[in-house]
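Structure file upload-v9.csv; described as CSV, C-alpha atoms and all ligand atoms.
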chain,number,residue,atom,x,y,z
A,1,MET,CA,-23.0,-33.2,-2.1
A,2,ALA,CA,-23.0,-37.0,-2.7
A,3,HIS,CA,-26.7,-36.8,-3.6
A,4,ILE,CA,-26.3,-34.2,-6.4
A,5,PRO,CA,-25.8,-36.1,-9.6
A,6,PRO,CA,-22.7,-35.1,-11.7
A,7,SER,CA,-23.6,-32.8,-14.6
A,8,GLY,CA,-22.1,-35.2,-17.1
A,9,GLY,CA,-20.5,-32.4,-19.1
A,10,ARG,CA,-24.0,-31.0,-19.7
A,11,ARG,CA,-23.3,-27.6,-18.1
A,12,PRO,CA,-24.7,-24.9,-20.4
A,13,PRO,CA,-22.2,-22.7,-22.2
A,14,VAL,CA,-20.9,-19.6,-20.3
A,15,PRO,CA,-23.0,-16.7,-21.3
A,16,THR,CA,-21.4,-14.3,-23.9
A,17,PRO,CA,-20.9,-10.7,-22.7
A,18,HIS,CA,-23.2,-8.0,-24.2
A,19,ARG,CA,-22.6,-7.4,-27.9
A,20,TRP,CA,-21.2,-3.9,-27.2
A,21,ILE,CA,-18.5,-5.5,-25.0
A,22,MET,CA,-17.8,-8.2,-27.6
A,23,SER,CA,-17.1,-5.5,-30.2
A,24,SER,CA,-14.5,-3.7,-28.1
A,25,GLN,CA,-10.9,-4.3,-26.9
A,26,PRO,CA,-9.2,-4.0,-23.6
A,27,TYR,CA,-7.3,-0.7,-23.0
A,28,ARG,CA,-3.8,-0.7,-24.5
A,29,ALA,CA,-1.5,1.4,-22.3
A,30,GLY,CA,1.3,3.5,-23.8
A,31,ALA,CA,4.4,1.4,-24.4
A,32,LYS,CA,6.5,1.4,-21.2
A,33,ALA,CA,10.1,2.5,-21.7
A,34,PRO,CA,12.4,1.4,-18.9
A,35,SER,CA,10.5,3.7,-16.4
A,36,GLY,CA,13.3,6.3,-16.6
A,37,PRO,CA,13.4,9.8,-18.0
A,38,GLY,CA,12.5,8.4,-21.5
A,39,SER,CA,9.1,7.2,-20.4
A,40,LEU,CA,7.1,9.7,-22.4
A,41,ALA,CA,4.0,7.7,-23.5
A,42,GLN,CA,1.6,8.3,-20.6
A,43,ASN,CA,1.8,11.9,-19.6
A,44,GLU,CA,3.3,11.2,-16.2
A,45,ILE,CA,5.4,13.8,-14.4
A,46,PRO,CA,9.1,12.9,-13.7
A,47,ALA,CA,8.8,12.1,-9.9
A,48,PRO,CA,6.1,12.0,-7.2
A,49,SER,CA,6.1,14.5,-4.3
A,50,PRO,CA,8.6,13.3,-1.6
A,51,ALA,CA,6.0,14.4,1.0
A,52,ALA,CA,3.4,12.0,-0.6
A,53,VAL,CA,5.9,9.2,-0.6
A,54,ALA,CA,6.6,9.7,3.1
A,55,ALA,CA,2.9,9.9,4.0
A,56,VAL,CA,2.3,6.7,2.2
A,57,SER,CA,5.0,4.8,4.1
A,58,ALA,CA,3.7,6.1,7.4
A,59,ALA,CA,0.1,5.2,6.5
A,60,ALA,CA,1.0,1.7,5.5
A,61,ARG,CA,0.8,0.7,9.2
A,62,HIS,CA,-3.0,1.0,8.9
A,63,LEU,CA,-3.4,-1.3,5.9
A,64,ASN,CA,-5.4,-3.8,8.1
A,65,ARG,CA,-8.2,-1.3,8.3
A,66,TYR,CA,-10.8,-0.5,5.6
A,67,PRO,CA,-10.5,3.0,4.3
A,68,ASP,CA,-12.9,5.8,4.9
A,69,PRO,CA,-15.5,5.2,2.2
A,70,LEU,CA,-15.9,8.9,1.4
A,71,ALA,CA,-12.2,9.9,1.9
A,72,THR,CA,-13.6,12.6,4.1
A,73,ARG,CA,-10.4,14.3,5.0
A,74,LEU,CA,-9.4,14.7,1.4
A,75,ARG,CA,-13.0,15.7,0.4
A,76,ASP,CA,-13.1,18.4,3.1
A,77,ARG,CA,-9.6,19.7,2.0
A,78,LEU,CA,-10.7,19.9,-1.6
A,79,ALA,CA,-14.0,21.6,-0.6
A,80,ARG,CA,-11.9,24.4,1.0
A,81,LEU,CA,-9.6,24.6,-1.9
A,82,HIS,CA,-12.4,25.1,-4.4
A,83,SER,CA,-14.8,26.9,-2.1
A,84,VAL,CA,-17.6,24.5,-2.6
A,85,ASP,CA,-19.7,22.4,-0.1
A,86,ALA,CA,-18.1,19.1,0.7
A,87,ASP,CA,-21.2,17.2,-0.4
A,88,ARG,CA,-20.6,18.4,-3.9
A,89,ILE,CA,-17.3,16.4,-4.2
A,90,LEU,CA,-16.9,12.7,-4.8
A,91,ILE,CA,-13.4,11.2,-4.6
A,92,GLY,CA,-12.8,8.3,-7.0
A,93,SER,CA,-10.2,5.7,-7.7
A,94,GLY,CA,-8.7,7.8,-10.4
A,95,SER,CA,-11.1,10.0,-12.5
A,96,ASP,CA,-11.5,6.9,-14.7
A,97,GLU,CA,-13.6,5.3,-11.9
A,98,LEU,CA,-15.8,8.4,-11.9
A,99,LEU,CA,-16.3,8.1,-15.7
A,100,PHE,CA,-17.4,4.5,-15.3
A,101,LEU,CA,-19.8,5.6,-12.5
A,102,LEU,CA,-21.3,8.2,-14.8
A,103,ALA,CA,-21.8,5.7,-17.5
A,104,ALA,CA,-23.3,3.2,-15.1
A,105,ALA,CA,-25.7,5.8,-13.7
A,106,PHE,CA,-26.7,7.6,-16.9
A,107,GLY,CA,-25.8,5.2,-19.7
A,108,GLY,CA,-27.4,2.1,-21.0
A,109,PRO,CA,-29.3,1.3,-24.1
A,110,GLY,CA,-31.4,4.2,-25.3
A,111,ARG,CA,-29.0,6.8,-23.9
A,112,THR,CA,-26.6,9.0,-25.9
A,113,PHE,CA,-23.2,10.4,-24.9
A,114,CYS,CA,-21.4,13.1,-26.9
A,115,CYS,CA,-17.7,13.7,-27.0
A,116,ALA,CA,-15.0,15.0,-29.3
A,117,ASP,CA,-13.5,12.8,-32.1
A,118,PRO,CA,-11.0,11.6,-31.3
A,119,PRO,CA,-11.9,11.6,-27.6
A,120,TYR,CA,-10.1,10.6,-24.5
A,121,TRP,CA,-10.6,6.9,-24.1
A,122,GLY,CA,-12.5,7.4,-20.8
A,123,HIS,CA,-15.2,9.5,-22.4
A,124,GLU,CA,-16.1,6.9,-25.0
A,125,HIS,CA,-15.4,3.5,-23.7
A,126,PRO,CA,-17.4,3.4,-20.4
A,127,ALA,CA,-20.4,4.8,-22.1
A,128,ARG,CA,-20.2,2.3,-24.9
A,129,MET,CA,-19.8,-0.6,-22.4
A,130,SER,CA,-23.0,0.5,-20.8
A,131,GLY,CA,-24.8,0.1,-24.1
A,132,ALA,CA,-25.3,3.8,-24.7
A,133,ASP,CA,-24.9,5.4,-28.2
A,134,MET,CA,-22.0,7.7,-28.9
A,135,VAL,CA,-22.1,10.9,-31.0
A,136,LYS,CA,-18.5,11.9,-31.7
A,137,VAL,CA,-18.0,15.4,-33.0
A,138,PRO,CA,-14.8,15.8,-35.1
A,139,LEU,CA,-12.2,18.2,-33.7
A,140,LEU,CA,-11.8,21.4,-35.8
A,141,ASP,CA,-8.1,22.3,-36.2
A,142,PHE,CA,-7.4,20.0,-33.2
A,143,ARG,CA,-9.8,21.8,-31.0
A,144,HIS,CA,-13.3,21.0,-29.7
A,145,ASP,CA,-16.1,22.1,-32.1
A,146,LEU,CA,-18.3,23.4,-29.3
A,147,LEU,CA,-20.8,24.9,-31.7
A,148,ALA,CA,-21.5,21.5,-33.3
A,149,MET,CA,-21.4,19.8,-29.9
A,150,ALA,CA,-24.0,22.3,-28.5
A,151,VAL,CA,-26.6,21.3,-31.1
A,152,THR,CA,-26.1,17.6,-30.6
A,153,SER,CA,-28.9,15.8,-28.8
A,154,ALA,CA,-27.3,13.7,-26.1
A,155,ASP,CA,-27.9,12.9,-22.4
A,156,ILE,CA,-24.3,13.7,-21.4
A,157,ALA,CA,-21.7,15.8,-23.3
A,158,TYR,CA,-18.0,15.5,-22.4
A,159,VAL,CA,-15.6,18.4,-22.9
A,160,CYS,CA,-12.0,17.7,-22.2
A,161,ASN,CA,-10.3,21.0,-21.3
A,162,PRO,CA,-7.4,20.9,-22.2
A,163,HIS,CA,-8.0,18.0,-24.5
A,164,ASN,CA,-6.2,14.7,-24.5
A,165,PRO,CA,-4.7,13.7,-27.1
A,166,THR,CA,-4.3,17.1,-28.7
A,167,GLY,CA,-3.3,19.4,-25.8
A,168,THR,CA,-5.6,22.2,-27.0
A,169,GLY,CA,-7.9,24.1,-24.7
A,170,VAL,CA,-11.1,26.1,-24.9
A,171,THR,CA,-11.5,29.5,-23.3
A,172,ALA,CA,-13.7,30.3,-20.3
A,173,ARG,CA,-15.9,32.4,-22.5
A,174,GLU,CA,-16.3,29.6,-25.1
A,175,LEU,CA,-17.1,27.1,-22.4
A,176,ALA,CA,-19.7,29.4,-20.7
A,177,ALA,CA,-21.4,30.0,-24.0
A,178,PHE,CA,-21.5,26.2,-24.6
A,179,VAL,CA,-22.9,25.5,-21.2
A,180,ALA,CA,-25.6,28.1,-21.8
A,181,ARG,CA,-26.6,26.7,-25.2
A,182,ALA,CA,-25.9,23.0,-25.1
A,183,ARG,CA,-28.9,20.7,-25.7
A,184,ALA,CA,-27.4,18.0,-23.4
A,185,PRO,CA,-28.9,18.2,-20.0
A,186,MET,CA,-25.6,17.1,-18.4
A,187,ILE,CA,-22.2,18.5,-19.2
A,188,VAL,CA,-19.0,17.0,-17.8
A,189,ILE,CA,-15.8,18.9,-18.2
A,190,ASP,CA,-12.6,16.9,-17.7
A,191,GLU,CA,-9.8,19.1,-16.4
A,192,ALA,CA,-7.1,16.4,-16.0
A,193,TYR,CA,-4.4,18.8,-17.3
A,194,ILE,CA,-5.8,22.2,-16.3
A,195,GLU,CA,-3.0,22.9,-13.8
A,196,PHE,CA,-0.5,23.0,-16.8
A,197,ALA,CA,-2.5,25.6,-18.8
A,198,ASP,CA,-1.0,29.0,-19.1
A,199,HIS,CA,-3.3,30.6,-21.6
A,200,PRO,CA,-4.8,33.6,-19.7
A,201,GLU,CA,-8.4,32.8,-20.9
A,202,LEU,CA,-8.3,29.1,-20.1
A,203,MET,CA,-9.9,28.7,-16.6
A,204,THR,CA,-11.5,26.0,-14.5
A,205,ALA,CA,-15.2,25.4,-14.9
A,206,ILE,CA,-15.7,24.6,-11.3
A,207,PRO,CA,-17.6,27.9,-10.7
A,208,LEU,CA,-20.1,26.6,-13.4
A,209,THR,CA,-20.9,23.6,-11.3
A,210,VAL,CA,-23.3,25.7,-9.3
A,211,GLU,CA,-25.7,24.8,-12.1
A,212,SER,CA,-27.0,21.3,-11.4
A,213,GLY,CA,-26.3,19.9,-14.8
A,214,VAL,CA,-22.5,20.7,-14.9
A,215,ALA,CA,-19.8,18.7,-13.3
A,216,VAL,CA,-16.0,18.9,-13.4
A,217,LEU,CA,-13.5,16.1,-13.2
A,218,ARG,CA,-10.0,16.5,-11.7
A,219,THR,CA,-7.2,14.0,-11.1
A,220,PHE,CA,-4.1,13.6,-9.0
A,221,SER,CA,-2.5,11.5,-11.7
A,222,LYS,CA,-0.9,14.3,-13.7
A,223,TYR,CA,0.1,17.5,-12.1
A,224,TYR,CA,0.3,15.9,-8.6
A,225,GLY,CA,2.3,13.0,-9.9
A,226,LEU,CA,0.2,10.2,-8.3
A,227,ALA,CA,-0.9,8.2,-11.3
A,228,GLY,CA,0.1,5.0,-9.5
A,229,ALA,CA,-2.0,5.8,-6.4
A,230,ARG,CA,-5.3,6.2,-8.4
A,231,VAL,CA,-7.2,9.2,-7.1
A,232,GLY,CA,-9.4,11.7,-8.8
A,233,TYR,CA,-12.5,13.7,-8.0
A,234,LEU,CA,-15.7,15.1,-9.3
A,235,VAL,CA,-17.2,18.5,-8.4
A,236,GLY,CA,-20.9,18.6,-9.3
A,237,SER,CA,-24.3,18.9,-7.6
A,238,ALA,CA,-25.0,17.2,-4.3
A,239,GLU,CA,-27.7,15.2,-6.1
A,240,LEU,CA,-25.2,13.9,-8.7
A,241,VAL,CA,-22.7,13.0,-6.0
A,242,ALA,CA,-25.4,11.1,-4.1
A,243,THR,CA,-26.4,9.2,-7.3
A,244,LEU,CA,-22.9,8.2,-8.1
A,245,ARG,CA,-22.3,7.1,-4.5
A,246,THR,CA,-25.2,4.7,-4.9
A,247,VAL,CA,-23.5,3.1,-7.8
A,248,ARG,CA,-19.9,2.8,-6.6
A,249,ALA,CA,-18.2,0.1,-4.6
A,250,PRO,CA,-17.9,1.5,-1.1
A,251,PHE,CA,-14.2,1.2,-0.5
A,252,SER,CA,-12.9,2.0,-4.0
A,253,VAL,CA,-10.5,4.8,-2.9
A,254,ASN,CA,-7.8,3.2,-0.8
A,255,HIS,CA,-6.3,4.8,2.3
A,256,LEU,CA,-2.8,5.2,0.8
A,257,ALA,CA,-4.2,7.1,-2.2
A,258,GLU,CA,-6.1,9.5,0.2
A,259,VAL,CA,-3.0,10.3,2.3
A,260,ALA,CA,-0.8,10.7,-0.8
A,261,ALA,CA,-3.2,13.2,-2.3
A,262,LEU,CA,-3.5,15.1,1.0
A,263,ALA,CA,0.3,15.4,1.2
A,264,ALA,CA,0.7,16.3,-2.4
A,265,LEU,CA,-1.8,19.1,-2.1
A,266,ASP,CA,0.4,20.7,0.6
A,267,ASP,CA,3.7,20.1,-1.1
A,268,HIS,CA,3.9,23.5,-2.8
A,269,ALA,CA,7.7,23.2,-3.4
A,270,HIS,CA,7.1,20.1,-5.5
A,271,SER,CA,4.2,21.5,-7.5
A,272,ALA,CA,6.1,24.7,-8.2
A,273,GLU,CA,9.0,22.5,-9.5
A,274,VAL,CA,6.6,20.5,-11.7
A,275,ARG,CA,5.1,23.7,-13.1
A,276,ARG,CA,8.5,25.2,-13.8
A,277,THR,CA,9.8,22.1,-15.5
A,278,VAL,CA,6.8,21.8,-17.8
A,279,ARG,CA,6.7,25.5,-18.7
A,280,ARG,CA,10.5,25.4,-19.5
A,281,ASN,CA,10.7,22.0,-21.3
A,282,ARG,CA,7.4,22.2,-23.3
A,283,PRO,CA,8.8,24.9,-25.6
A,284,ALA,CA,12.2,23.2,-25.6
A,285,LEU,CA,10.6,19.9,-26.7
A,286,ILE,CA,8.7,21.7,-29.5
A,287,ARG,CA,12.0,23.4,-30.6
A,288,ILE,CA,13.8,20.0,-30.9
A,289,PHE,CA,11.0,18.5,-33.1
A,290,ALA,CA,10.9,21.8,-35.1
A,291,ALA,CA,14.6,21.4,-35.8
A,292,ALA,CA,13.8,17.9,-37.1
A,293,GLY,CA,11.2,19.4,-39.4
A,294,MET,CA,8.1,18.4,-37.4
A,295,ALA,CA,5.5,20.9,-36.2
A,296,ALA,CA,3.6,20.7,-32.9
A,297,VAL,CA,0.1,21.5,-32.0
A,298,GLY,CA,0.0,24.3,-29.4
A,299,SER,CA,-0.2,22.6,-26.0
A,300,GLN,CA,-1.8,23.6,-22.7
A,301,THR,CA,-0.8,20.3,-21.1
A,302,ASN,CA,2.3,18.3,-20.1
A,303,PHE,CA,2.4,16.6,-23.4
A,304,VAL,CA,2.8,17.8,-27.0
A,305,LEU,CA,1.2,16.4,-30.1
A,306,ILE,CA,3.8,16.3,-32.9
A,307,LEU,CA,2.8,16.1,-36.6
A,308,CYS,CA,5.0,13.5,-38.2
A,309,PRO,CA,4.0,11.7,-41.4
A,310,ASP,CA,6.5,8.9,-40.6
A,311,GLU,CA,5.1,7.9,-37.2
A,312,GLU,CA,6.9,4.5,-37.1
A,313,ASP,CA,10.3,5.9,-38.2
A,314,VAL,CA,10.3,8.6,-35.5
A,315,LEU,CA,9.1,6.2,-32.8
A,316,GLY,CA,11.8,3.8,-33.9
A,317,LEU,CA,14.6,6.4,-33.5
A,318,LEU,CA,13.2,7.4,-30.1
A,319,ARG,CA,13.0,3.8,-29.0
A,320,GLU,CA,16.7,3.2,-29.9
A,321,HIS,CA,17.5,5.9,-27.2
A,322,GLY,CA,15.2,4.5,-24.6
A,323,VAL,CA,12.4,6.9,-25.3
A,324,SER,CA,8.8,5.8,-25.6
A,325,ALA,CA,6.1,8.1,-27.0
A,326,ARG,CA,2.5,7.3,-28.0
A,327,PRO,CA,1.7,6.5,-31.6
A,328,GLY,CA,-1.0,8.8,-32.9
A,329,THR,CA,-2.6,5.8,-34.7
A,330,ASP,CA,-3.5,4.4,-31.2
A,331,LEU,CA,-5.2,7.7,-30.3
A,332,GLY,CA,-7.2,8.2,-33.5
A,333,LEU,CA,-4.7,10.7,-35.0
A,334,PRO,CA,-2.6,8.8,-37.5
A,335,GLY,CA,0.4,10.9,-38.7
A,336,THR,CA,1.1,12.2,-35.2
A,337,ILE,CA,2.9,11.1,-32.0
A,338,ARG,CA,2.1,12.3,-28.5
A,339,VAL,CA,5.1,13.0,-26.3
A,340,THR,CA,5.0,13.8,-22.6
A,341,VAL,CA,7.0,16.9,-21.6
A,342,PRO,CA,10.2,15.4,-20.1
A,343,ASP,CA,12.6,16.5,-17.4
A,344,ASP,CA,16.1,17.7,-18.6
A,345,ALA,CA,17.5,14.2,-18.9
A,346,GLY,CA,14.5,13.1,-21.0
A,347,LEU,CA,14.9,16.2,-23.2
A,348,ALA,CA,18.5,15.3,-23.8
A,349,LEU,CA,17.5,11.7,-24.8
A,350,VAL,CA,14.9,13.1,-27.3
A,351,SER,CA,17.4,15.5,-28.8
A,352,THR,CA,20.1,12.8,-29.2
A,353,ALA,CA,17.5,10.4,-30.8
A,354,LEU,CA,16.5,13.0,-33.4
A,355,GLN,CA,20.0,14.0,-34.3
A,356,PRO,CA,20.1,11.9,-37.5
A,357,ILE,CA,17.0,13.7,-38.8
A,358,ILE,CA,18.3,17.1,-37.7
A,359,ALA,CA,21.7,16.5,-39.3
A,360,ALA,CA,20.2,15.3,-42.6
A,361,LEU,CA,17.9,18.4,-42.7
A,362,SER,CA,20.7,20.8,-42.1
A,363,THR,CA,23.0,19.2,-44.7
A,364,ARG,CA,20.2,19.5,-47.2
A,365,SER,CA,19.4,23.1,-46.4
A,366,SER,CA,23.1,24.1,-46.4
A,367,ARG,CA,23.5,22.4,-49.8
A,368,LYS,CA,20.5,24.4,-51.0
A,369,ALA,CA,22.1,27.6,-49.7
A,370,THR,CA,25.5,27.0,-51.4
A,371,PRO,CA,25.4,28.0,-55.0
A,372,SER,CA,26.8,25.2,-57.2
B,1,LIG,C1,-5.0,11.0,-17.6
B,1,LIG,C2,-6.4,11.4,-17.8
B,1,LIG,C3,-7.4,11.2,-16.8
B,1,LIG,C4,-7.0,10.7,-15.5
B,1,LIG,O1,-7.3,9.5,-15.2
B,1,LIG,P1,-7.0,8.8,-13.8
B,1,LIG,O2,-8.0,7.7,-13.8
B,1,LIG,O3,-7.4,9.9,-12.8
B,1,LIG,O4,-5.6,8.5,-13.7
B,1,LIG,C5,-8.6,11.7,-17.0
B,1,LIG,N1,-9.0,12.3,-18.1
B,1,LIG,C6,-8.1,12.6,-19.1
B,1,LIG,C7,-8.5,13.3,-20.3
B,1,LIG,C8,-6.8,12.1,-18.9
B,1,LIG,O5,-5.9,12.3,-19.9
Now, as a test, write the supplied structure out as structure tokens.
Ligand SMILES: *Cc1c(COP(=O)(O)O)cnc(C)c1O
Amino acid sequence: MAHIPPSGGRRPPVPTPHRWIMSSQPYRAGAKAPSGPGSLAQNEIPAPSPAAVAAVSAAARHLNRYPDPLATRLRDRLARLHSVDADRILIGSGSDELLFLLAAAFGGPGRTFCCADPPYWGHEHPARMSGADMVKVPLLDFRHDLLAMAVTSADIAYVCNPHNPTGTGVTARELAAFVARARAPMIVIDEAYIEFADHPELMTAIPLTVESGVAVLRTFSKYYGLAGARVGYLVGSAELVATLRTVRAPFSVNHLAEVAALAALDDHAHSAEVRRTVRRNRPALIRIFAAAGMAAVGSQTNFVLILCPDEEDVLGLLREHGVSARPGTDLGLPGTIRVTVPDDAGLALVSTALQPIIAALSTRSSRKATPS
């Protein structure tokens, strides 16, 4: 070392990141309420599966070991669940990792990705960070405009079904027609919320993945309540899975996430409870906002998009009662807020918070009804 002359402050400047990174911002998460029942900004469910919690504590004994790079036990379990070959499944550290892998493998300058406008963050940002171009197709009445997306020239088209941030879905027939006609050689359907859907014609696209250009993304973050564990998966062709495996860091899915997901999959009592709560409290949440004079977009998810011209006023009222919701302005939908479907305690908080608006509305309407 003694023989290497000091640089004398002449070290060249640190290289600047690519211009497409310079022109973007780090992700801004939904504001955290004091993680109780009023935490309604991030589409989480009220509590994780107790079986998953127990499995994680037991598995913590093995934290000195590297995890299984392919999360084989989980992959095999999911292969049985969906009746597909295990080599057509890739487990990721959240489906967000898989979106970054797709962008790394197929993006870059000269490539084009297509998504809805406004999109889910993960369908735009990783592609842009790779230097790819984006074509964003405006939603029509809060739904994907699949006809316009089908004629867009792109290398990959993302369809979010049901969509975040609107909660709307497309039917199996609409999706099949899109897959048959789309110009994009690769179509990725993000089904992060599909377990909450109850529209009889909204179905998983996993059967469509027998075509080599179609892939489906799923996550354990929403319905299975494991957002903190980070685990999601892709179902696609064996070739696509092999390509993405080449790109990824080998141990990206940690052992605790894998055992949590396995336990959650088998905890049918917990998932039945989650489904019941969402199906009961989704209409209840919509009724509370309706009483306060605010309409909702029909939702197939565990969140509801509320139309409210006074975003900040309503968010302020909710905040006073320990409730956080997502401002639509953050999501590309000014004049709305996105509210996670809460448990009963959270529903009571929302109802209390909106009482001033509800009371003012009912005084006004009873005044109108009383002849003077
Ligand atoms: C929440 C969400 C995900 C899940 O991301 P994870 O990384 O698995 O937590 C994926 N897609 C959409 C549309 C989402 O809303």
Selection within 7 Å of ligand LIG 1 (chain B) by all atoms listed in the file, output as a list in words = Ser93, Gly94, Ser95, Asp96, Glu97, Tyr120, Gly122, Cys160, His163, Asn164, Asp190, Ala192, Thr219, Phe220, Ser221, Lys222, Ala227, Arg230, Val231 and Gly232 of chain A
Store the residues of this selection in a file with C-alpha atoms, as a JSON list (two decimals), keeping the file's coordinate frame.
[["chain", "number", "residue", "atom", "x", "y", "z"],
["A", 93, "SER", "CA", -10.20, 5.70, -7.70],
["A", 94, "GLY", "CA", -8.70, 7.80, -10.40],
["A", 95, "SER", "CA", -11.10, 10.00, -12.50],
["A", 96, "ASP", "CA", -11.50, 6.90, -14.70],
["A", 97, "GLU", "CA", -13.60, 5.30, -11.90],
["A", 120, "TYR", "CA", -10.10, 10.60, -24.50],
["A", 122, "GLY", "CA", -12.50, 7.40, -20.80],
["A", 160, "CYS", "CA", -12.00, 17.70, -22.20],
["A", 163, "HIS", "CA", -8.00, 18.00, -24.50],
["A", 164, "ASN", "CA", -6.20, 14.70, -24.50],
["A", 190, "ASP", "CA", -12.60, 16.90, -17.70],
["A", 192, "ALA", "CA", -7.10, 16.40, -16.00],
["A", 219, "THR", "CA", -7.20, 14.00, -11.10],
["A", 220, "PHE", "CA", -4.10, 13.60, -9.00],
["A", 221, "SER", "CA", -2.50, 11.50, -11.70],
["A", 222, "LYS", "CA", -0.90, 14.30, -13.70],
["A", 227, "ALA", "CA", -0.90, 8.20, -11.30],
["A", 230, "ARG", "CA", -5.30, 6.20, -8.40],
["A", 231, "VAL", "CA", -7.20, 9.20, -7.10],
["A", 232, "GLY", "CA", -9.40, 11.70, -8.80]]
request  = Might you pull out every residue within 9 Å of Arg181 in chain A, with all atoms listed in the file counted and same-chain residues fewer than 6 positions away left off, and present them as a PyMOL selection string?
outcome  = chain A and resi 147+150-151
Set out as CSV a contact list for range 259-328 of chain A and range 58-76 of chain A with a cut-off of 8 Å, giving each residue of range 259-328 of chain A that qualifies its closest atom pair and distance in Å to one decimal, counting all atoms listed in the file, ordered by chain and rising residue number.
residue,atom,partner,partner_atom,distance
A:Val259,CA,A:Ala59,CA,7.3
A:Ala261,CA,A:Leu74,CA,7.4
A:Leu262,CA,A:Leu74,CA,5.9
ask   = If we count all atoms listed in the file, what is near Leu317 in chain A at a cut-off of 10 Å, once residues fewer than 6 positions away on the same chain are taken out, given as a ChimeraX atom specification?
value = /A:323-324,350,352-357
key: A:Phe178, A:Trp20, A:Tyr193, A:Tyr223 ranked by distance to Ser271 in chain A, top pick (using all atoms listed in the file)   =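 Checking each candidate against Ser271 in chain A, we get A:Tyr223 as the closest.
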request  = Name the residues in contact with range 287-295 of chain A at a cut-off of 6 Å, using only C-alpha atoms, excluding same-chain residues fewer than 3 positions from it; report them as a count of residues only.
outcome  = 6
key: Asn161 in chain A surroundings by only C-alpha atoms, 7 Å radius, close-in-sequence under 5 positions cut, as a PyMOL selection string   = chain A and resi 169-170+189-191+194
